[in-house]
Number of protein chains: 2
Amino acid sequence: MPATVRATNRGPAAAADNRRALLDSARRLFAERGYRVPLNAIARDAGVGQGSLYRHFPTRLDLAFAIFEDNYAELERIAEEDTGPGAFLRLWRHLIELTLGSTAFVELAVEARRELADPSYGDRLLRILEGPLARAQAAAEVDAALTVEDLALAHRMIYGVIVTQPDAISARSAASRALRLIGRGLSWQEEPT
Amino acid sequence: MPATVRATNRGPAAAADNRRALLDSARRLFAERGYRVPLNAIARDAGVGQGSLYRHFPTRLDLAFAIFEDNYAELERIAEEDTGPGAFLRLWRHLIELTLGSTAFVELAVEARRELADPSYGDRLLRILEGPLARAQAAAEVDAALTVEDLALAHRMIYGVIVTQPDAISARSAASRALRLIGRGLSWQEEPT
DNA sequence: CGCTAACCGGACAGGATCGTCCGGTTAGCT
DNA sequence: AGCTAACCGGACGATCCTGTCCGGTTAGCG
């Protein structure tokens with residue numbers, strides 16, 4: 001039996017384990033039931049008391065930040081390390097994949113802006129996309145007129161498709177169709193505003 | 001004083017007035033606070049008791065159906081009556097305008113499918129768009145490859161943009177940008193799946 | 001072995017929402 | 001006027017969620 005497995009989750013040494021169990025359960029339940037999943041459901045799923053949940057993460061936002069920090073860190077890592085041909089498209093695909101995995105990723109950003117009245121959390125995605133987009137444009141891989149704001153908008157469009165889809169399986173193909181729609185354009189006459 | 005204004009909302013003759021007041025309040029609160037607005041808030045706003053609300057509309061779905069029936073009826077009327085040049089685009093714009101007016105319009109369709117396990121409510125939009133799209137394609141106004149499913153997908157994409165926007169004013173310009181993005185395409189290489 | 005700091009569980013109070021129930025009100029008819 | 005069917009209001013019980021509080025548990029140390 002590995003040393004990390006304990007017979008009990010009590011005592012000073014159990015704090016780290018409980019924290020990790022809470023994060024694991026929260027990640028799964030956010031994905032399965034959305035950002036608004038009850039916090040006590042998370043505590044129950046993690047096998048810890050309500051007290052422990054609120055001690056480790058005083059608010060829903062604290063918990064969600066801790067979970068989706070992983071998403072951002074991974075995107076930042078990819079944006080930094082992958083600079084070869086097609087790197088932008090790989091980064092973009094990864095972002096879509098994360099969104100398919102949990103729409104709470106987007107809902108958190110919306111909630112953070114509403115709750116904290118601070119746009120910095122949403123801006124983080126823009127900063128991640130900036131470098132790779134510029135490099136892809138320099139390599140003529142994507143339209144030079146494209147901006148990171150366009151990408152963020154496209155991301156929210158994909159979110160809309162996923163969140164209105166009844167199940168995760170069909171969400172993937174719907175998102176795929178939506179990406180093609182964005183990529184090719186509907187080819188109709190929409191005059192500029 | 002018009003005959004329709006009553007000093008009281010009691011008695012047998014008041015039922016119709018109360019029903020209308022409930023619909024008016026619900027329409028406004030659904031638009032302002034989203035599909036999940038508390039039902040008792042609607043009753044309070046309409047100036048009627050909880051009992052009257054539940055008597056007229058046993059479930060949230062009943063109330064929402066009654067409200068958004070107007071949206072569908074209006075779209076159907078436009079689709080039927082307006083057959084001149086550019087008719088399709090006018091219909092499409094009207095759909096976007098309704099969605100800007102109340103995202104609950106979309107959320108209801110999602111909820112109805114989840115709750116009733118019946119896709120007919122969502123399909124109603126497809127049926128409305130069918131004729132005008134075919135006519136626009138016959139007139140070479142829009143790409144012949146476009147399907148009503150594409151349009152429904154695009155509609156949900158616009159919904160995603162609106163619902164993640166912090167306020168109604170900025171939602172309009174964001175939706176406008178999104179529409180241009182869809183119309184022109186991002187012009188990058190996304191291979192078909 | 002006993003003490004203590006750190007930590008845990010779950011009961012609990014507070015607050016929100018749902019849906020029901022029944023005493024009270026009204027219009028119209030006799 | 002009196003009666004009755006139709007309708008209304010809001011109190012109320014049930015349920016759910018949040019966030020706190022405190023008696024109980026554990027690891028490590030002298």
# chains A, B, ... in the order shown; residues from 1 in each chain; ligands from 1

call {"tool": "calpha_fit_and_write", "arguments": {"fixed": "chain B", "moving": "chain A", "output": "mmCIF file with C-alpha atoms, in the first residue's frame"}}
result
data_model
loop_
_atom_site.group_PDB
_atom_site.id
_atom_site.type_symbol
_atom_site.label_atom_id
_atom_site.label_comp_id
_atom_site.auth_asym_id
_atom_site.auth_seq_id
_atom_site.Cartn_x
_atom_site.Cartn_y
_atom_site.Cartn_z
ATOM 1 C CA MET A 1 -60.373 55.133 -16.777
ATOM 2 C CA PRO A 2 -60.405 52.265 -19.273
ATOM 3 C CA ALA A 3 -62.703 49.377 -18.580
ATOM 4 C CA THR A 4 -59.760 47.025 -18.498
ATOM 5 C CA VAL A 5 -58.367 48.631 -15.359
ATOM 6 C CA ARG A 6 -59.847 47.158 -12.198
ATOM 7 C CA ALA A 7 -59.661 48.348 -8.630
ATOM 8 C CA THR A 8 -59.020 44.798 -7.471
ATOM 9 C CA ASN A 9 -57.622 41.615 -8.888
ATOM 10 C CA ARG A 10 -60.099 39.409 -7.036
ATOM 11 C CA GLY A 11 -63.211 37.663 -8.241
ATOM 12 C CA PRO A 12 -64.008 35.624 -11.327
ATOM 13 C CA ALA A 13 -63.625 38.529 -13.752
ATOM 14 C CA ALA A 14 -60.052 39.226 -12.721
ATOM 15 C CA ALA A 15 -58.585 35.965 -13.966
ATOM 16 C CA ALA A 16 -57.757 37.217 -17.440
ATOM 17 C CA ASP A 17 -56.137 40.374 -16.080
ATOM 18 C CA ASN A 18 -54.034 38.416 -13.621
ATOM 19 C CA ARG A 19 -52.936 36.027 -16.311
ATOM 20 C CA ARG A 20 -51.830 38.889 -18.483
ATOM 21 C CA ALA A 21 -50.022 40.589 -15.595
ATOM 22 C CA LEU A 22 -48.183 37.350 -14.876
ATOM 23 C CA LEU A 23 -47.147 37.001 -18.507
ATOM 24 C CA ASP A 24 -45.933 40.604 -18.654
ATOM 25 C CA SER A 25 -43.890 40.303 -15.476
ATOM 26 C CA ALA A 26 -42.518 36.930 -16.461
ATOM 27 C CA ARG A 27 -41.457 38.185 -19.872
ATOM 28 C CA ARG A 28 -39.598 41.079 -18.299
ATOM 29 C CA LEU A 29 -37.972 39.089 -15.503
ATOM 30 C CA PHE A 30 -36.963 36.233 -17.790
ATOM 31 C CA ALA A 31 -35.238 38.842 -19.938
ATOM 32 C CA GLU A 32 -33.622 40.672 -17.032
ATOM 33 C CA ARG A 33 -32.640 37.766 -14.830
ATOM 34 C CA GLY A 34 -32.623 34.732 -17.111
ATOM 35 C CA TYR A 35 -34.680 31.586 -17.348
ATOM 36 C CA ARG A 36 -33.975 30.569 -13.752
ATOM 37 C CA VAL A 37 -35.589 33.601 -12.141
ATOM 38 C CA PRO A 38 -37.591 32.508 -9.034
ATOM 39 C CA LEU A 39 -41.275 32.064 -9.754
ATOM 40 C CA ASN A 40 -42.322 33.862 -6.580
ATOM 41 C CA ALA A 41 -40.435 36.929 -7.824
ATOM 42 C CA ILE A 42 -42.660 36.848 -10.881
ATOM 43 C CA ALA A 43 -45.800 36.575 -8.781
ATOM 44 C CA ARG A 44 -44.687 39.462 -6.575
ATOM 45 C CA ASP A 45 -43.805 41.610 -9.567
ATOM 46 C CA ALA A 46 -47.183 40.904 -11.142
ATOM 47 C CA GLY A 47 -48.927 41.834 -7.898
ATOM 48 C CA VAL A 48 -50.670 38.487 -7.524
ATOM 49 C CA GLY A 49 -50.332 35.686 -4.996
ATOM 50 C CA GLN A 50 -48.319 32.544 -5.448
ATOM 51 C CA GLY A 51 -51.546 30.593 -5.739
ATOM 52 C CA SER A 52 -52.642 32.506 -8.788
ATOM 53 C CA LEU A 53 -49.338 31.964 -10.499
ATOM 54 C CA TYR A 54 -49.433 28.201 -10.031
ATOM 55 C CA ARG A 55 -53.114 28.029 -10.940
ATOM 56 C CA HIS A 56 -52.529 29.742 -14.278
ATOM 57 C CA PHE A 57 -49.169 28.113 -14.988
ATOM 58 C CA PRO A 58 -48.554 24.881 -13.087
ATOM 59 C CA THR A 59 -44.875 24.692 -14.069
ATOM 60 C CA ARG A 60 -42.105 27.050 -15.125
ATOM 61 C CA LEU A 61 -42.201 25.404 -18.519
ATOM 62 C CA ASP A 62 -45.907 26.237 -18.971
ATOM 63 C CA LEU A 63 -45.206 29.872 -18.217
ATOM 64 C CA ALA A 64 -42.180 30.044 -20.496
ATOM 65 C CA PHE A 65 -44.009 28.283 -23.316
ATOM 66 C CA ALA A 66 -46.814 30.822 -23.084
ATOM 67 C CA ILE A 67 -44.355 33.716 -23.234
ATOM 68 C CA PHE A 68 -42.140 32.525 -26.044
ATOM 69 C CA GLU A 69 -45.043 31.304 -28.120
ATOM 70 C CA ASP A 70 -45.177 34.970 -29.152
ATOM 71 C CA ASN A 71 -41.590 34.756 -30.406
ATOM 72 C CA TYR A 72 -42.303 31.711 -32.503
ATOM 73 C CA ALA A 73 -45.574 33.071 -33.817
ATOM 74 C CA GLU A 74 -43.876 36.277 -34.916
ATOM 75 C CA LEU A 75 -41.021 34.411 -36.584
ATOM 76 C CA GLU A 76 -43.526 32.175 -38.352
ATOM 77 C CA ARG A 77 -45.479 35.179 -39.507
ATOM 78 C CA ILE A 78 -42.363 36.847 -40.915
ATOM 79 C CA ALA A 79 -41.202 33.622 -42.561
ATOM 80 C CA GLU A 80 -44.570 33.287 -44.241
ATOM 81 C CA GLU A 81 -45.367 36.849 -45.228
ATOM 82 C CA ASP A 82 -41.978 38.276 -46.139
ATOM 83 C CA THR A 83 -40.860 36.542 -49.327
ATOM 84 C CA GLY A 84 -39.171 39.446 -51.122
ATOM 85 C CA PRO A 85 -35.457 39.926 -51.782
ATOM 86 C CA GLY A 86 -33.400 39.806 -48.577
ATOM 87 C CA ALA A 87 -36.249 38.168 -46.696
ATOM 88 C CA PHE A 88 -34.021 35.488 -45.230
ATOM 89 C CA LEU A 89 -31.603 37.991 -43.787
ATOM 90 C CA ARG A 90 -34.460 39.974 -42.248
ATOM 91 C CA LEU A 91 -35.839 36.848 -40.623
ATOM 92 C CA TRP A 92 -32.391 35.937 -39.329
ATOM 93 C CA ARG A 93 -31.886 39.418 -37.908
ATOM 94 C CA HIS A 94 -35.220 39.201 -36.177
ATOM 95 C CA LEU A 95 -34.212 35.928 -34.574
ATOM 96 C CA ILE A 96 -31.003 37.525 -33.292
ATOM 97 C CA GLU A 97 -32.984 40.462 -31.998
ATOM 98 C CA LEU A 98 -35.305 38.173 -30.052
ATOM 99 C CA THR A 99 -32.302 36.385 -28.578
ATOM 100 C CA LEU A 100 -30.719 39.677 -27.570
ATOM 101 C CA GLY A 101 -34.021 40.591 -25.946
ATOM 102 C CA SER A 102 -34.073 37.442 -23.825
ATOM 103 C CA THR A 103 -31.573 34.631 -23.687
ATOM 104 C CA ALA A 104 -34.298 32.687 -21.899
ATOM 105 C CA PHE A 105 -35.652 32.106 -25.397
ATOM 106 C CA VAL A 106 -32.739 29.733 -25.988
ATOM 107 C CA GLU A 107 -32.540 28.434 -22.437
ATOM 108 C CA LEU A 108 -36.167 27.377 -22.620
ATOM 109 C CA ALA A 109 -35.498 25.268 -25.700
ATOM 110 C CA VAL A 110 -32.587 23.573 -23.919
ATOM 111 C CA GLU A 111 -34.673 23.002 -20.803
ATOM 112 C CA ALA A 112 -37.640 21.682 -22.784
ATOM 113 C CA ARG A 113 -35.445 19.117 -24.498
ATOM 114 C CA ARG A 114 -33.905 18.062 -21.189
ATOM 115 C CA GLU A 115 -37.186 18.005 -19.273
ATOM 116 C CA LEU A 116 -39.575 16.633 -21.871
ATOM 117 C CA ALA A 117 -37.038 14.513 -23.784
ATOM 118 C CA ASP A 118 -38.847 15.787 -26.841
ATOM 119 C CA PRO A 119 -36.874 17.583 -29.558
ATOM 120 C CA SER A 120 -39.975 18.999 -31.264
ATOM 121 C CA TYR A 121 -39.720 22.333 -29.488
ATOM 122 C CA GLY A 122 -36.207 22.967 -30.721
ATOM 123 C CA ASP A 123 -37.121 21.648 -34.150
ATOM 124 C CA ARG A 124 -39.721 24.352 -34.482
ATOM 125 C CA LEU A 125 -37.004 26.878 -35.238
ATOM 126 C CA LEU A 126 -35.593 24.630 -37.958
ATOM 127 C CA ARG A 127 -39.006 24.366 -39.608
ATOM 128 C CA ILE A 128 -39.399 28.140 -39.539
ATOM 129 C CA LEU A 129 -36.037 28.715 -41.211
ATOM 130 C CA GLU A 130 -36.451 26.026 -43.886
ATOM 131 C CA GLY A 131 -38.636 27.880 -46.386
ATOM 132 C CA PRO A 132 -36.886 31.272 -46.259
ATOM 133 C CA LEU A 133 -33.463 29.613 -46.476
ATOM 134 C CA ALA A 134 -34.489 27.584 -49.523
ATOM 135 C CA ARG A 135 -35.870 30.679 -51.227
ATOM 136 C CA ALA A 136 -32.717 32.677 -50.458
ATOM 137 C CA GLN A 137 -30.608 29.875 -51.874
ATOM 138 C CA ALA A 138 -32.779 29.722 -55.001
ATOM 139 C CA ALA A 139 -32.167 33.454 -55.397
ATOM 140 C CA ALA A 140 -28.432 32.885 -54.837
ATOM 141 C CA GLU A 141 -28.523 35.179 -51.808
ATOM 142 C CA VAL A 142 -26.798 32.654 -49.565
ATOM 143 C CA ASP A 143 -24.446 29.715 -50.033
ATOM 144 C CA ALA A 144 -26.299 26.703 -51.426
ATOM 145 C CA ALA A 145 -24.414 24.379 -49.059
ATOM 146 C CA LEU A 146 -25.918 26.021 -45.979
ATOM 147 C CA THR A 147 -28.412 23.943 -43.984
ATOM 148 C CA VAL A 148 -30.968 24.857 -41.339
ATOM 149 C CA GLU A 149 -28.842 22.877 -38.878
ATOM 150 C CA ASP A 150 -25.970 25.240 -39.646
ATOM 151 C CA LEU A 151 -28.265 28.145 -38.872
ATOM 152 C CA ALA A 152 -29.408 26.629 -35.596
ATOM 153 C CA LEU A 153 -25.770 26.093 -34.682
ATOM 154 C CA ALA A 154 -24.941 29.682 -35.574
ATOM 155 C CA HIS A 155 -27.878 30.798 -33.436
ATOM 156 C CA ARG A 156 -26.478 28.919 -30.448
ATOM 157 C CA MET A 157 -23.087 30.465 -31.111
ATOM 158 C CA ILE A 158 -24.638 33.913 -30.923
ATOM 159 C CA TYR A 159 -26.382 32.855 -27.738
ATOM 160 C CA GLY A 160 -23.005 31.935 -26.251
ATOM 161 C CA VAL A 161 -21.666 35.381 -26.983
ATOM 162 C CA ILE A 162 -24.691 37.142 -25.515
ATOM 163 C CA VAL A 163 -24.916 35.057 -22.361
ATOM 164 C CA THR A 164 -21.240 35.549 -21.500
ATOM 165 C CA GLN A 165 -21.456 39.307 -21.966
ATOM 166 C CA PRO A 166 -21.782 41.286 -18.717
ATOM 167 C CA ASP A 167 -24.555 43.643 -19.826
ATOM 168 C CA ALA A 168 -27.226 44.003 -22.465
ATOM 169 C CA ILE A 169 -25.678 47.043 -24.131
ATOM 170 C CA SER A 170 -22.338 45.450 -24.844
ATOM 171 C CA ALA A 171 -24.107 42.207 -25.762
ATOM 172 C CA ARG A 172 -25.537 43.872 -28.851
ATOM 173 C CA SER A 173 -22.176 44.939 -30.222
ATOM 174 C CA ALA A 174 -20.582 41.627 -29.272
ATOM 175 C CA ALA A 175 -23.328 39.758 -31.126
ATOM 176 C CA SER A 176 -22.777 42.034 -34.084
ATOM 177 C CA ARG A 177 -19.074 41.252 -34.103
ATOM 178 C CA ALA A 178 -19.839 37.561 -33.790
ATOM 179 C CA LEU A 179 -22.208 37.697 -36.749
ATOM 180 C CA ARG A 180 -19.512 39.270 -38.869
ATOM 181 C CA LEU A 181 -17.098 36.577 -37.739
ATOM 182 C CA ILE A 182 -19.547 33.885 -38.787
ATOM 183 C CA GLY A 183 -20.371 35.628 -42.016
ATOM 184 C CA ARG A 184 -16.803 36.083 -43.161
ATOM 185 C CA GLY A 185 -15.075 33.201 -41.543
ATOM 186 C CA LEU A 186 -11.812 33.412 -39.684
ATOM 187 C CA SER A 187 -9.873 32.359 -42.761
ATOM 188 C CA TRP A 188 -7.541 29.862 -41.275
ATOM 189 C CA GLN A 189 -6.789 26.271 -42.119
ATOM 190 C CA GLU A 190 -9.158 23.934 -40.329
ATOM 191 C CA GLU A 191 -9.160 20.567 -42.057
ATOM 192 C CA PRO A 192 -12.529 18.817 -42.408
ATOM 193 C CA THR A 193 -13.287 16.056 -39.934
#

call {"tool": "interface_residues", "arguments": {"of": "chain D", "to": "chain A", "cutoff": "9 Å", "atoms": "only C-alpha atoms (C1' of nucleotides)", "output": "MDAnalysis selection string"}}
result
chainID D and resid 17:20 25:27

call {"tool": "select_by_dssp", "arguments": {"residues": "region 26-175 of chain B", "states": "alpha helix (DSSP H)", "output": "VMD selection string"}}
result
chain B and resid 26 to 33 39 to 46 50 to 56 60 to 81 87 to 101 104 to 116 120 to 138 148 to 163 168 to 175

call {"tool": "closest_atom_pairs", "arguments": {"of": "chain C", "to": "chain A", "cutoff": "9 Å", "atoms": "only C-alpha atoms (C1' of nucleotides)", "output": "Markdown table"}}
result
| residue | atom | partner | partner_atom | distance |
| --- | --- | --- | --- | --- |
| C:DA5 | C1' | A:Pro12 | CA | 8.7 |
| C:DA6 | C1' | A:Pro12 | CA | 5.0 |
| C:DC7 | C1' | A:Pro12 | CA | 5.1 |
| C:DC8 | C1' | A:Arg10 | CA | 5.4 |
| C:DG9 | C1' | A:Gly49 | CA | 4.9 |
| C:DG10 | C1' | A:Gly49 | CA | 6.6 |

call {"tool": "atom_distance", "arguments": {"atom1": "C1' of DC12 (chain C)", "atom2": "C1' of DG13 (chain D)"}}
result
18.9 Å
